[in-house]
Each structure stands twice: as C-alpha cells, then as structure tokens.
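Here's target14.cif, which has mmCIF, C-alpha atoms:
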```cif
data_protein
#
loop_
_atom_site.label_atom_id
_atom_site.label_comp_id
_atom_site.auth_asym_id
_atom_site.auth_seq_id
_atom_site.Cartn_x
_atom_site.Cartn_y
_atom_site.Cartn_z
CA MET A 366 24.52 127.51 103.28
CA THR A 367 26.27 130.32 101.45
CA GLU A 368 29.52 129.31 99.82
CA THR A 369 32.60 131.46 100.01
CA PRO A 370 33.31 132.77 96.51
CA ALA A 371 36.49 131.58 94.87
CA LEU A 372 39.31 134.13 94.83
CA GLY A 373 40.47 133.03 91.40
CA PRO A 374 43.80 131.82 90.08
CA ARG A 375 45.43 135.24 90.20
CA TYR A 376 45.12 135.62 93.95
CA ARG A 377 48.28 135.09 95.98
CA ALA A 378 48.20 135.32 99.75
CA PRO A 379 50.74 137.93 100.88
CA ALA A 380 53.85 136.46 102.46
CA ARG A 381 53.77 139.27 105.00
CA VAL A 382 52.17 142.64 105.57
CA PRO A 383 55.01 145.19 105.75
CA SER A 384 52.85 147.91 107.29
CA ALA A 385 51.30 145.72 110.00
CA PRO A 386 52.23 146.77 113.55
CA ARG A 387 54.38 144.30 115.42
CA LEU A 388 52.70 142.63 118.38
CA ILE A 389 54.48 142.63 121.73
CA SER A 390 54.92 139.41 123.68
CA PRO A 391 54.77 139.48 127.51
CA ALA A 392 58.57 139.38 127.60
CA GLY A 393 58.75 142.08 124.96
CA ALA A 394 56.34 144.27 126.92
CA GLY A 395 58.77 144.21 129.81
CA GLN A 396 61.58 145.41 127.53
CA VAL A 397 59.39 148.17 126.10
CA ASN A 398 58.43 149.38 129.58
CA ARG A 399 62.07 149.34 130.67
CA THR A 400 63.13 151.29 127.59
CA ARG A 401 60.40 153.88 128.08
CA LEU A 402 61.24 154.30 131.74
CA LEU A 403 64.90 154.85 130.98
CA GLN A 404 63.97 157.44 128.35
CA ILE A 405 61.86 159.22 130.96
CA LEU A 406 64.88 159.33 133.25
CA TYR A 407 67.02 160.83 130.49
CA ASP A 408 64.28 163.38 129.81
CA VAL A 409 63.61 164.55 133.36
CA GLY A 410 66.82 163.74 135.25
CA PRO A 411 67.23 162.07 138.69
CA THR A 412 63.74 161.08 139.78
CA SER A 413 62.16 159.16 142.66
CA ARG A 414 60.01 156.06 142.27
CA ALA A 415 56.91 158.05 143.22
CA GLN A 416 57.63 160.72 140.62
CA LEU A 417 58.29 158.08 137.96
CA ALA A 418 54.98 156.44 138.82
CA ARG A 419 53.12 159.74 138.42
CA ILE A 420 54.82 160.58 135.13
CA SER A 421 54.28 157.13 133.59
CA ARG A 422 50.80 156.66 135.15
CA VAL A 423 51.51 153.32 136.77
CA THR A 424 51.89 152.17 140.36
CA LYS A 425 55.04 152.45 142.45
CA THR A 426 55.05 148.65 142.57
CA THR A 427 55.31 148.51 138.77
CA ILE A 428 58.13 151.06 138.82
CA GLY A 429 59.94 149.09 141.51
CA ALA A 430 59.71 145.87 139.51
CA ILE A 431 61.36 147.63 136.54
CA VAL A 432 64.10 149.60 138.29
CA GLN A 433 65.18 147.24 141.06
CA PRO A 434 66.91 144.68 138.79
CA MET A 435 68.85 147.52 137.17
CA ILE A 436 69.83 148.89 140.58
CA ASP A 437 70.99 145.42 141.63
CA ASP A 438 72.99 145.19 138.40
CA GLY A 439 74.65 148.58 138.97
CA ILE A 440 73.08 150.27 135.95
CA LEU A 441 71.00 152.61 138.10
CA VAL A 442 71.87 154.00 141.51
CA GLU A 443 69.80 155.57 144.27
CA GLY A 444 70.79 158.99 145.58
CA GLU A 445 70.71 160.24 149.12
CA PRO A 446 67.24 160.50 150.71
CA GLN A 447 65.59 163.85 150.05
CA GLN A 448 63.87 165.86 152.72
CA SER A 449 60.28 164.76 153.25
CA SER A 450 57.42 167.07 152.36
CA SER A 451 55.37 168.87 155.01
CA GLN A 452 52.93 165.96 154.84
CA GLY A 453 55.58 163.59 156.13
CA GLY A 454 56.20 160.12 154.77
CA LYS A 455 59.28 158.15 153.82
CA PRO A 456 62.06 160.34 152.30
CA ALA A 457 62.29 159.91 148.54
CA ARG A 458 65.53 158.69 146.97
CA PRO A 459 66.15 159.90 143.42
CA ILE A 460 67.12 157.24 140.89
CA TRP A 461 69.75 158.00 138.27
CA PHE A 462 72.29 156.29 136.05
CA SER A 463 75.54 154.97 137.44
CA PRO A 464 78.43 157.32 136.59
CA VAL A 465 80.88 154.41 136.42
CA ASP A 466 79.18 151.22 135.19
CA ARG A 467 78.60 150.26 131.54
CA PRO A 468 80.13 153.23 129.70
CA THR A 469 79.96 153.39 125.91
CA VAL A 470 82.58 154.23 123.31
CA ALA A 471 81.59 157.08 121.00
CA VAL A 472 83.34 157.73 117.69
CA HIS A 473 83.03 160.60 115.22
CA LEU A 474 84.58 159.78 111.85
CA LEU A 475 85.14 162.65 109.43
CA PRO A 476 87.29 162.96 106.29
CA GLY A 477 90.85 162.57 107.55
CA THR A 478 89.96 162.70 111.25
CA VAL A 479 88.68 160.30 113.90
CA ARG A 480 87.70 161.28 117.42
CA ALA A 481 86.80 158.75 120.12
CA ALA A 482 85.57 159.11 123.69
CA LEU A 483 84.52 156.96 126.60
CA VAL A 484 81.10 158.23 127.71
CA SER A 485 79.30 157.38 130.93
CA LEU A 486 75.62 156.51 131.13
CA THR A 487 75.08 159.99 132.58
CA GLY A 488 76.41 161.59 129.39
CA SER A 489 79.80 162.66 130.77
CA VAL A 490 82.88 162.35 128.57
CA ILE A 491 85.38 160.38 130.67
CA THR A 492 88.36 160.36 128.33
CA GLU A 493 89.07 161.26 124.70
CA SER A 494 91.46 160.41 121.89
CA SER A 495 91.87 161.64 118.32
CA ALA A 496 93.92 160.75 115.27
CA ASN A 497 94.37 161.79 111.66
CA PHE A 498 94.63 159.86 108.41
CA GLU A 499 94.92 160.90 104.80
CA ALA A 500 91.47 161.67 103.42
CA THR A 501 92.59 160.20 100.10
CA GLU A 502 93.79 156.96 101.73
CA LEU A 503 92.44 153.98 99.76
CA ASP A 504 93.78 151.18 101.97
CA HIS A 505 90.87 150.23 104.24
CA ASP A 506 93.19 148.35 106.60
CA VAL A 507 95.10 151.56 107.30
CA ILE A 508 91.86 153.38 108.13
CA ILE A 509 90.61 150.54 110.33
CA ASP A 510 93.96 150.48 112.16
CA CYS A 511 93.64 154.20 112.84
CA VAL A 512 90.06 153.99 114.14
CA THR A 513 90.78 150.86 116.22
CA SER A 514 93.84 152.45 117.83
CA CYS A 515 91.86 155.56 118.70
CA ILE A 516 89.13 153.45 120.34
CA GLN A 517 91.63 151.34 122.28
CA ASP A 518 93.12 154.52 123.72
CA VAL A 519 89.84 155.29 125.52
CA LEU A 520 88.81 151.81 126.68
CA PRO A 521 88.77 151.45 130.49
CA SER A 522 92.29 150.83 131.75
CA ASP A 523 90.98 148.35 134.33
CA GLY A 524 89.47 146.18 131.60
CA GLY A 525 85.93 147.07 132.67
CA ALA A 526 83.06 146.18 130.38
CA VAL A 527 81.65 148.69 127.93
CA LEU A 528 78.20 148.49 126.43
CA GLY A 529 79.30 148.91 122.83
CA VAL A 530 80.64 151.31 120.23
CA GLY A 531 78.63 153.97 118.40
CA VAL A 532 80.06 155.58 115.27
CA ALA A 533 78.89 158.79 113.60
CA VAL A 534 80.05 158.98 109.99
CA GLY A 535 80.19 162.22 108.02
CA GLY A 536 78.82 160.59 104.89
CA ILE A 537 76.24 158.17 103.48
CA VAL A 538 76.03 154.88 105.38
CA ASN A 539 74.10 151.64 105.13
CA THR A 540 72.91 151.23 108.70
CA ASP A 541 71.72 147.65 108.13
CA GLU A 542 75.16 146.48 107.01
CA GLY A 543 77.35 148.86 109.02
CA ARG A 544 78.97 149.94 105.76
CA ILE A 545 80.07 153.37 104.56
CA VAL A 546 78.53 153.99 101.14
CA GLU A 547 80.14 157.29 100.21
CA VAL A 548 81.93 160.28 101.72
CA ASN A 549 82.35 163.05 99.15
CA LEU A 550 85.40 164.58 100.85
CA ALA A 551 87.07 161.22 101.54
CA PRO A 552 86.59 158.83 98.60
CA GLY A 553 88.79 156.22 100.28
CA LEU A 554 86.06 155.53 102.85
CA ALA A 555 83.58 154.35 100.20
CA GLY A 556 82.60 150.71 100.65
CA LEU A 557 84.36 150.35 104.01
CA GLU A 558 82.54 147.74 106.14
CA LEU A 559 83.44 149.66 109.25
CA GLY A 560 80.89 148.16 111.63
CA PRO A 561 81.64 144.45 111.09
CA LEU A 562 85.41 145.00 110.89
CA LEU A 563 85.55 147.01 114.12
CA SER A 564 83.29 144.52 115.87
CA ARG A 565 85.58 141.63 114.98
CA ARG A 566 88.69 143.49 116.11
CA LEU A 567 87.26 144.79 119.37
CA GLY A 568 84.90 141.97 120.32
CA LEU A 569 82.15 144.54 120.91
CA PRO A 570 78.85 145.40 119.25
CA VAL A 571 79.33 148.35 116.87
CA HIS A 572 76.51 150.59 115.65
CA LEU A 573 77.03 152.89 112.68
CA ASP A 574 74.91 155.82 111.50
CA HIS A 575 74.91 159.05 109.51
CA HIS A 576 76.42 162.00 111.41
CA PRO A 577 73.30 164.26 111.51
CA ARG A 578 71.11 161.38 112.73
CA VAL A 579 73.60 160.63 115.49
CA GLN A 580 73.62 164.35 116.26
CA ALA A 581 69.81 164.19 116.54
CA LEU A 582 70.10 161.33 119.02
CA GLY A 583 72.48 163.46 121.06
CA ASP A 584 69.93 166.28 121.02
CA ARG A 585 67.14 163.86 121.95
CA TRP A 586 68.95 162.20 124.86
CA PHE A 587 71.27 164.90 126.17
CA GLY A 588 70.61 168.22 124.40
CA SER A 589 68.04 170.74 123.23
CA GLY A 590 65.66 168.05 121.96
CA ARG A 591 65.00 166.48 125.37
CA ARG A 592 61.24 166.24 126.01
CA ALA A 593 60.53 167.26 122.39
CA SER A 594 58.50 164.63 120.54
CA SER A 595 59.50 165.93 117.10
CA PHE A 596 62.35 168.12 115.88
CA ALA A 597 64.99 168.46 113.16
CA SER A 598 68.69 168.51 114.02
CA ILE A 599 70.55 170.22 111.16
CA TYR A 600 74.28 170.31 110.56
CA CYS A 601 75.30 173.24 108.38
CA GLY A 602 78.92 173.93 107.50
CA GLU A 603 81.08 172.38 104.80
CA ALA A 604 78.05 170.14 104.13
CA ILE A 605 74.39 170.07 105.15
CA GLY A 606 72.58 167.12 106.70
CA VAL A 607 69.59 166.51 108.93
CA GLY A 608 68.55 164.08 111.63
CA LEU A 609 64.77 163.93 112.02
CA VAL A 610 63.02 162.87 115.21
CA ILE A 611 59.34 162.25 114.50
CA ASP A 612 57.01 161.29 117.34
CA GLY A 613 59.97 160.36 119.54
CA ALA A 614 61.75 158.14 116.99
CA VAL A 615 64.70 158.92 114.73
CA HIS A 616 63.68 158.55 111.09
CA ARG A 617 66.29 156.67 109.05
CA GLY A 618 64.63 155.50 105.86
CA VAL A 619 65.41 152.16 104.24
CA ALA A 620 68.91 151.03 105.29
CA GLY A 621 69.60 154.54 106.57
CA ALA A 622 69.11 156.29 103.24
CA GLY A 623 67.41 159.36 104.73
CA GLY A 624 68.97 162.58 105.95
CA GLU A 625 70.75 163.77 102.78
CA VAL A 626 68.81 167.03 102.89
CA GLY A 627 71.80 168.98 101.59
CA HIS A 628 71.21 167.31 98.25
CA THR A 629 67.55 168.18 97.94
CA ILE A 630 67.19 170.44 94.90
CA VAL A 631 66.18 174.03 95.61
CA ASP A 632 67.28 175.69 92.36
CA LEU A 633 66.78 173.90 89.04
CA GLY A 634 68.83 176.53 87.27
CA GLY A 635 71.54 176.60 89.90
CA THR A 636 75.17 175.55 89.97
CA VAL A 637 76.52 172.01 89.86
CA CYS A 638 76.95 170.43 93.28
CA ARG A 639 79.96 168.31 94.18
CA CYS A 640 77.57 165.34 94.12
CA GLY A 641 77.13 165.96 90.36
CA ARG A 642 73.54 167.21 90.54
CA THR A 643 72.38 170.76 89.94
CA GLY A 644 70.92 173.21 92.43
CA CYS A 645 71.26 171.27 95.70
CA TRP A 646 70.69 173.14 98.97
CA GLU A 647 74.42 172.79 99.65
CA THR A 648 75.16 174.88 96.54
CA ILE A 649 73.61 177.96 98.20
CA ALA A 650 74.16 177.46 101.95
CA SER A 651 77.53 175.79 102.58
CA HIS A 652 81.15 176.93 102.85
CA ARG A 653 81.66 176.38 99.14
CA TRP A 654 78.94 178.86 98.19
CA LEU A 655 79.91 181.33 100.90
CA GLN A 656 83.54 181.45 99.80
CA ALA A 657 82.68 181.76 96.11
CA GLU A 658 80.31 184.65 96.81
CA ALA A 659 82.80 186.29 99.17
CA ALA A 660 85.39 186.27 96.38
CA ILE A 661 82.93 187.96 94.00
CA ALA A 662 82.21 190.59 96.67
CA GLY A 663 85.93 191.17 97.23
CA LEU A 664 85.85 190.24 100.93
CA PRO A 665 89.19 189.59 102.67
CA ALA A 666 90.44 185.98 102.94
CA ALA A 667 87.48 184.92 100.80
CA ASP A 668 88.89 181.49 99.96
CA ALA A 669 88.75 180.46 103.63
CA LEU A 670 85.80 182.55 104.84
CA THR A 671 83.24 180.92 107.12
CA VAL A 672 80.17 182.23 108.91
CA GLY A 673 81.88 183.55 112.04
CA PRO A 674 84.33 185.87 110.22
CA LEU A 675 81.54 186.94 107.85
CA ALA A 676 79.38 187.93 110.83
CA ARG A 677 82.22 190.03 112.20
CA LEU A 678 82.78 191.72 108.83
CA ALA A 679 79.06 192.49 108.61
CA GLY A 680 79.10 193.87 112.15
CA ASP A 681 81.98 196.17 111.16
CA ASP A 682 80.01 197.41 108.12
CA HIS A 683 82.58 196.04 105.71
CA ALA A 684 81.45 196.65 102.14
CA GLY A 685 79.50 193.68 100.78
CA ALA A 686 79.54 191.66 104.00
CA GLU A 687 76.10 192.64 105.29
CA GLU A 688 74.40 191.76 102.00
CA LEU A 689 76.14 188.37 101.84
CA PHE A 690 75.33 187.66 105.50
CA ASP A 691 71.65 188.32 104.85
CA ARG A 692 71.60 186.18 101.70
CA PHE A 693 73.19 183.33 103.63
CA ALA A 694 70.48 183.54 106.31
CA ARG A 695 67.79 183.46 103.62
CA ASN A 696 69.42 180.47 101.90
CA VAL A 697 69.64 178.52 105.15
CA ALA A 698 65.95 179.27 105.72
CA ILE A 699 64.95 177.86 102.31
CA GLY A 700 65.76 174.26 103.25
CA ILE A 701 64.19 174.65 106.68
CA ILE A 702 60.97 175.92 105.09
CA ASN A 703 60.82 172.81 102.90
CA LEU A 704 61.32 170.51 105.89
CA GLN A 705 58.63 172.33 107.87
CA GLN A 706 56.16 172.22 104.99
CA ILE A 707 56.61 168.47 104.50
CA LEU A 708 57.06 167.09 108.03
CA ALA A 709 56.36 170.01 110.41
CA PRO A 710 58.90 169.05 113.10
CA GLY A 711 58.29 172.46 114.67
CA LEU A 712 61.73 172.76 116.28
CA PHE A 713 64.96 173.15 114.31
CA ILE A 714 68.27 172.75 116.18
CA LEU A 715 71.19 173.99 114.10
CA HIS A 716 74.76 172.76 114.60
CA GLY A 717 78.06 173.31 112.87
CA ASP A 718 79.73 176.45 111.60
CA VAL A 719 76.38 178.19 111.14
CA VAL A 720 76.15 178.79 114.92
CA GLN A 721 79.16 181.11 114.67
CA GLY A 722 76.78 183.62 113.11
CA GLY A 723 75.33 184.20 116.55
CA GLU A 724 71.96 185.56 117.59
CA GLU A 725 71.83 188.00 114.66
CA LEU A 726 71.96 185.12 112.18
CA ARG A 727 69.50 183.01 114.17
CA GLU A 728 66.97 185.86 114.22
CA ARG A 729 67.29 186.38 110.47
CA VAL A 730 66.88 182.68 109.72
CA GLN A 731 63.82 182.63 111.99
CA LYS A 732 62.33 185.65 110.20
CA TYR A 733 62.82 184.18 106.71
CA VAL A 734 61.35 180.85 107.85
CA LEU A 735 58.26 182.54 109.26
CA ASP A 736 57.91 184.64 106.10
CA GLY A 737 58.02 181.48 103.99
CA ILE A 738 55.33 179.34 105.61
CA PRO A 739 51.59 179.81 106.11
CA VAL A 740 50.06 180.34 109.52
CA HIS A 741 49.08 176.98 111.00
CA ALA A 742 47.23 175.85 114.10
CA GLY A 743 50.31 173.86 115.10
CA GLY A 744 52.11 177.11 115.81
CA ALA A 745 55.17 178.78 114.36
CA PRO A 746 58.38 176.74 114.07
CA ALA A 747 61.28 177.66 116.36
CA ILE A 748 64.93 177.98 115.35
CA THR A 749 67.63 177.42 117.95
CA PHE A 750 71.41 177.23 117.69
CA ALA A 751 73.49 174.64 119.54
CA SER A 752 76.48 175.87 121.51
CA ALA A 753 79.57 176.50 119.43
CA ASP A 754 81.69 173.90 121.24
CA ASP A 755 79.17 171.17 122.02
CA ASP A 756 80.06 167.46 122.13
CA ILE A 757 76.57 166.48 121.01
CA THR A 758 77.72 164.23 118.17
CA LEU A 759 79.91 162.18 120.52
CA LEU A 760 77.07 162.05 123.03
CA GLY A 761 74.78 161.03 120.19
CA ALA A 762 77.12 158.18 119.28
CA ALA A 763 76.84 157.03 122.89
CA ALA A 764 73.04 157.40 122.67
CA LEU A 765 73.13 155.31 119.47
CA VAL A 766 74.53 152.43 121.52
CA LEU A 767 72.04 153.03 124.32
CA SER A 768 69.05 153.17 121.98
CA GLN A 769 70.12 149.89 120.36
CA SER A 770 71.06 148.15 123.60
CA LEU A 771 68.61 149.23 126.30
CA ASP A 772 67.06 145.77 126.42
CA LEU A 773 70.51 144.46 127.45
CA LEU A 774 70.60 146.67 130.55
CA THR A 775 69.46 143.91 132.86
#
```
Using the file provided, produce a representation of the structure as structure tokens.
Amino acid sequence: MTETPALGPRYRAPARVPSAPRLISPAGAGQVNRTRLLQILYDVGPTSRAQLARISRVTKTTIGAIVQPMIDDGILVEGEPQQSSSQGGKPARPIWFSPVDRPTVAVHLLPGTVRAALVSLTGSVITESSANFEATELDHDVIIDCVTSCIQDVLPSDGGAVLGVGVAVGGIVNTDEGRIVEVNLAPGLAGLELGPLLSRRLGLPVHLDHHPRVQALGDRWFGSGRRASSFASIYCGEAIGVGLVIDGAVHRGVAGAGGEVGHTIVDLGGTVCRCGRTGCWETIASHRWLQAEAAIAGLPAADALTVGPLARLAGDDHAGAEELFDRFARNVAIGIINLQQILAPGLFILHGDVVQGGEELRERVQKYVLDGIPVHAGGAPAITFASADDDITLLGAAALVLSQSLDLLT
C-alpha cells in the first residue's frame, strides 16, 4: 500500500478559500430564482407568465410558484387580461410591480444638501423633500437631524411600511460599515456613521453607497443600462466618479473602495489635485480645470463657467471657446479610454454637468475615444448622455434597497 507523503511542518491548512464560489442551498436557490425573475421584470417591463417562462427557459409552473406568493403578498400585481392571439387560448395577464405597496426611501447626500424621496417599486417618485446644511458643519448630530427630518417628510402619511432607506453619498464611503470616509467638499461629513445612526433613529434598514455606484444601479434598474450586462456610469461635473456594472453586478471593491476614477493619475507632470495628488483625471476634466482655463482664455464669467455655457459660447464662435470646448471633450475621453482598455464595459453612460454640452460634445468624446483604442472583436464602445434633469441617482438609491432586500419580498 502506498503511503501518503507527509506535508511537512510548514504546511497549514487554509482556514478558508476566499476565491471559492459559494454553494447555494435549496432555500437559497429559491431566493436566487426570485431575484433573477424580478430583475427580468425590471428589464423587460410588465410581462405574462408565459413570456417569463420563455425568457427564463423554465416552465410556467415554475414561474407560477415564484410569482404567486409575491402576488398574494401585494408585491406584484396582475394587469387586465390581454387580447388572445389568433391561435386562441386563455388571455394573458401581464405581471408587474405594485405601484403602492412596499415603497423605498431614496436619499442623495451632497456637500451642504440632502434630497429625499419616496419611490414606488415601479420606479415612480411619489413625494420629495430637500434641506440644506452648512458644508463645513462639524457636529454630526446636526447633520443627522437634517437628514432624518428630510426622510421623515417623505414617509407614508398613513404609516405604511417601507422596504428600507438607500443613501447615495457624494464622497468615499465604507459600504460594510455604513460610514462616510471622506467628502472633499464637506470635511464635516468625514467619519459620520450615517447608516447605523439613521437605522437606529428610523427603525429601518439603511444601505449606504458611493454616489456613482448608486447612479449605476439606477441606470441598471430604471435607465439606459437596462438589459446591458456591462457598462460604466460616469458622473462628470465638479468631481468625477464611476459606477461599474460588470456581468450584471455592480463592482464595489473591498468595503466599497472602488469608483474613485477621478483620482486615477493621467498626467504625472500635471497640477495638484484637491486630494493632494498630482495629475488626477479631475485636474483636467472637472469644473475646476474648466474655470481655470476659461480665465486664461479670457472667457466671460470664467470663475463660474460650466459646460453648458461653454458650449453656447463655442456655438457663437466666441474667441477661445471652441478650442477649450474641444480640449474638454478630449480630456473627458482620456479617462474613458483607460476604463475601456482595462475593463471593456463597452457602454459609457455620462451624467452630471457634462451632458449640458449636448450632442456636439457627445460626438467629440466618442470620436476621441475611438481614436484612442485599438480595433477589437468586441466592437467599438458607445458613449451616451443621460437626460439633463434625470432622477437616476434617487432611483438608484431605491434600487440599492431593492438589490439588498429582494429576498425579503415574500
């Protein structure tokens, strides 16, 4: 008999294998199927059982076993019977989310401003509230009072249950702890344990994430990223950030450390960023850069210039405006090229002040991106602008709750 060789005194059995895929129990498989079915509904809209069965490649019986408990619980509703096809048969009834049951509270927290909304499962904003606080405020209790009051203003007046609270923060957050790490434009928010403190005050689950990632969730569930397996949702204005959806999942990094794309270095010999580093993408493609360059070019109201007014000046052939407009498009493209070269999301959805540049800016960004990457079998990346007045971040905060709580929808 052959003996098993000794492994030696240095061998230590691993406590766990971090990269090992997690197995799914029978109960867990039911939750996964429910989550995937609900995502299909968000992707394709009101859909009959038969259509859901075809899309998900299972039987109508399987679909019925998943959706019926949620219909009984009021999460899903059945629409009016649709006209039968020429082949006859029982009229189909489209299934969709209840417009009244289990709404979520969505919050967008920015330096000095908080905006809250009650959002239905269908993605409709039911009611809104907003408030201001001093961006330099250091008293965390004052900030919590402000955010709590804003949320309470939108809670259902009849005392109806809400699924939870989702918060998009315009700064670095620790998603595991629900804590704000740093907000450059509002130092008083640093270290604020917003998630746990709000949860204790409201008696509700609170989910916290970085603004561009929440924005990406809004795109994935309710916006231009529906049905797209991978894309990048970029915010470009006074700061630059990205939410990445890769193979259907939002990429966060350890404790939510990812997404600070504005502070990737694109120019080693560049200017000092407000983060203290040199040559960040934000130093060549944000308001700060635009206004500094506008002052050098002698453009009117340079100290407050943003992309929309610059586009109008360029359209009017104002001296220096066209050249600056084109440089800005090229600088925006630089960061997109890097993201495409590394992760190849293929679709880039731009939000924020950059969309005020209109189709002319979008076309220039697209051109510079295509000029900066090699031809690949995966196809050329696409650049699209969100609407100028979208609520996608609030909808994303609602989607943050949904994505964390779908297994509770029973």
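If all atoms listed in the file are the atoms counted, then among A:Gly621, A:Gly717, A:Gly477, A:Gly723 the closest residue to Ala676 (chain A) is A:Gly723.
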Nearest-residue call for Val619 (chain A), choices A:Thr540, A:Ser489, A:Gln404, A:Thr424, using only C-alpha atoms:
A:Thr540
With distances taken over only C-alpha atoms, the candidate from A:Leu402, A:Pro521, A:Asp754, A:Arg591 nearest Val423 (chain A) is A:Leu402
Return as JSON the box centre and box size in Å, one decimal, for an axis-aligned box around all listed atoms of region 511-523 of chain A padded by 3 Å per side.
```
{"center_x": 91.3, "center_y": 152.0, "center_z": 123.6, "size_x": 11.1, "size_y": 13.2, "size_z": 27.5}
```
Nearest to His575 (chain A), chosen from A:Leu554, A:Ile611, A:Ile757, A:Val534, with only C-alpha atoms counted in the distances:
A:Val534
Would you kindly translate the PyMOL selection byres ((chain A and resi 760-766) around 7) into the concrete residues it picks from this file, as JSON, numbers by chain?
{"A": [469, 470, 471, 472, 484, 488, 529, 530, 531, 532, 533, 572, 579, 580, 581, 582, 583, 586, 756, 757, 758, 759, 767, 768, 769, 770]}
Using all atoms listed in the file and a cutoff of 10 Å, can you tell me which residues are near (83.9, 190.6, 106.4) in the file's coordinates, and write them out as a ChimeraX atom specification?
/A:659,662-667,670-687,689-690
Could you write out as a PDB file with C-alpha atoms, in the frame of the given file the residues that the PyMOL selection byres ((chain A and resi 538) around 9) matches in the shown file?
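What ended up in expr-v4.pdb:
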```pdb
ATOM      1  CA  VAL A 534      80.050 158.980 109.990  1.00  0.00           C
ATOM      2  CA  GLY A 535      80.190 162.220 108.020  1.00  0.00           C
ATOM      3  CA  GLY A 536      78.820 160.590 104.890  1.00  0.00           C
ATOM      4  CA  ILE A 537      76.240 158.170 103.480  1.00  0.00           C
ATOM      5  CA  ASN A 539      74.100 151.640 105.130  1.00  0.00           C
ATOM      6  CA  THR A 540      72.910 151.230 108.700  1.00  0.00           C
ATOM      7  CA  ASP A 541      71.720 147.650 108.130  1.00  0.00           C
ATOM      8  CA  GLU A 542      75.160 146.480 107.010  1.00  0.00           C
ATOM      9  CA  GLY A 543      77.350 148.860 109.020  1.00  0.00           C
ATOM     10  CA  ARG A 544      78.970 149.940 105.760  1.00  0.00           C
ATOM     11  CA  ILE A 545      80.070 153.370 104.560  1.00  0.00           C
ATOM     12  CA  VAL A 546      78.530 153.990 101.140  1.00  0.00           C
ATOM     13  CA  GLU A 547      80.140 157.290 100.210  1.00  0.00           C
ATOM     14  CA  VAL A 548      81.930 160.280 101.720  1.00  0.00           C
ATOM     15  CA  LEU A 573      77.030 152.890 112.680  1.00  0.00           C
ATOM     16  CA  ASP A 574      74.910 155.820 111.500  1.00  0.00           C
ATOM     17  CA  HIS A 575      74.910 159.050 109.510  1.00  0.00           C
ATOM     18  CA  ALA A 620      68.910 151.030 105.290  1.00  0.00           C
ATOM     19  CA  GLY A 621      69.600 154.540 106.570  1.00  0.00           C
ATOM     20  CA  ALA A 622      69.110 156.290 103.240  1.00  0.00           C
TER      21      ALA A 622
END
```
Between CA of Pro411 (chain A) and CA of Ile440 (chain A), measure the distance and give it in Å to one decimal.
13.5 Å
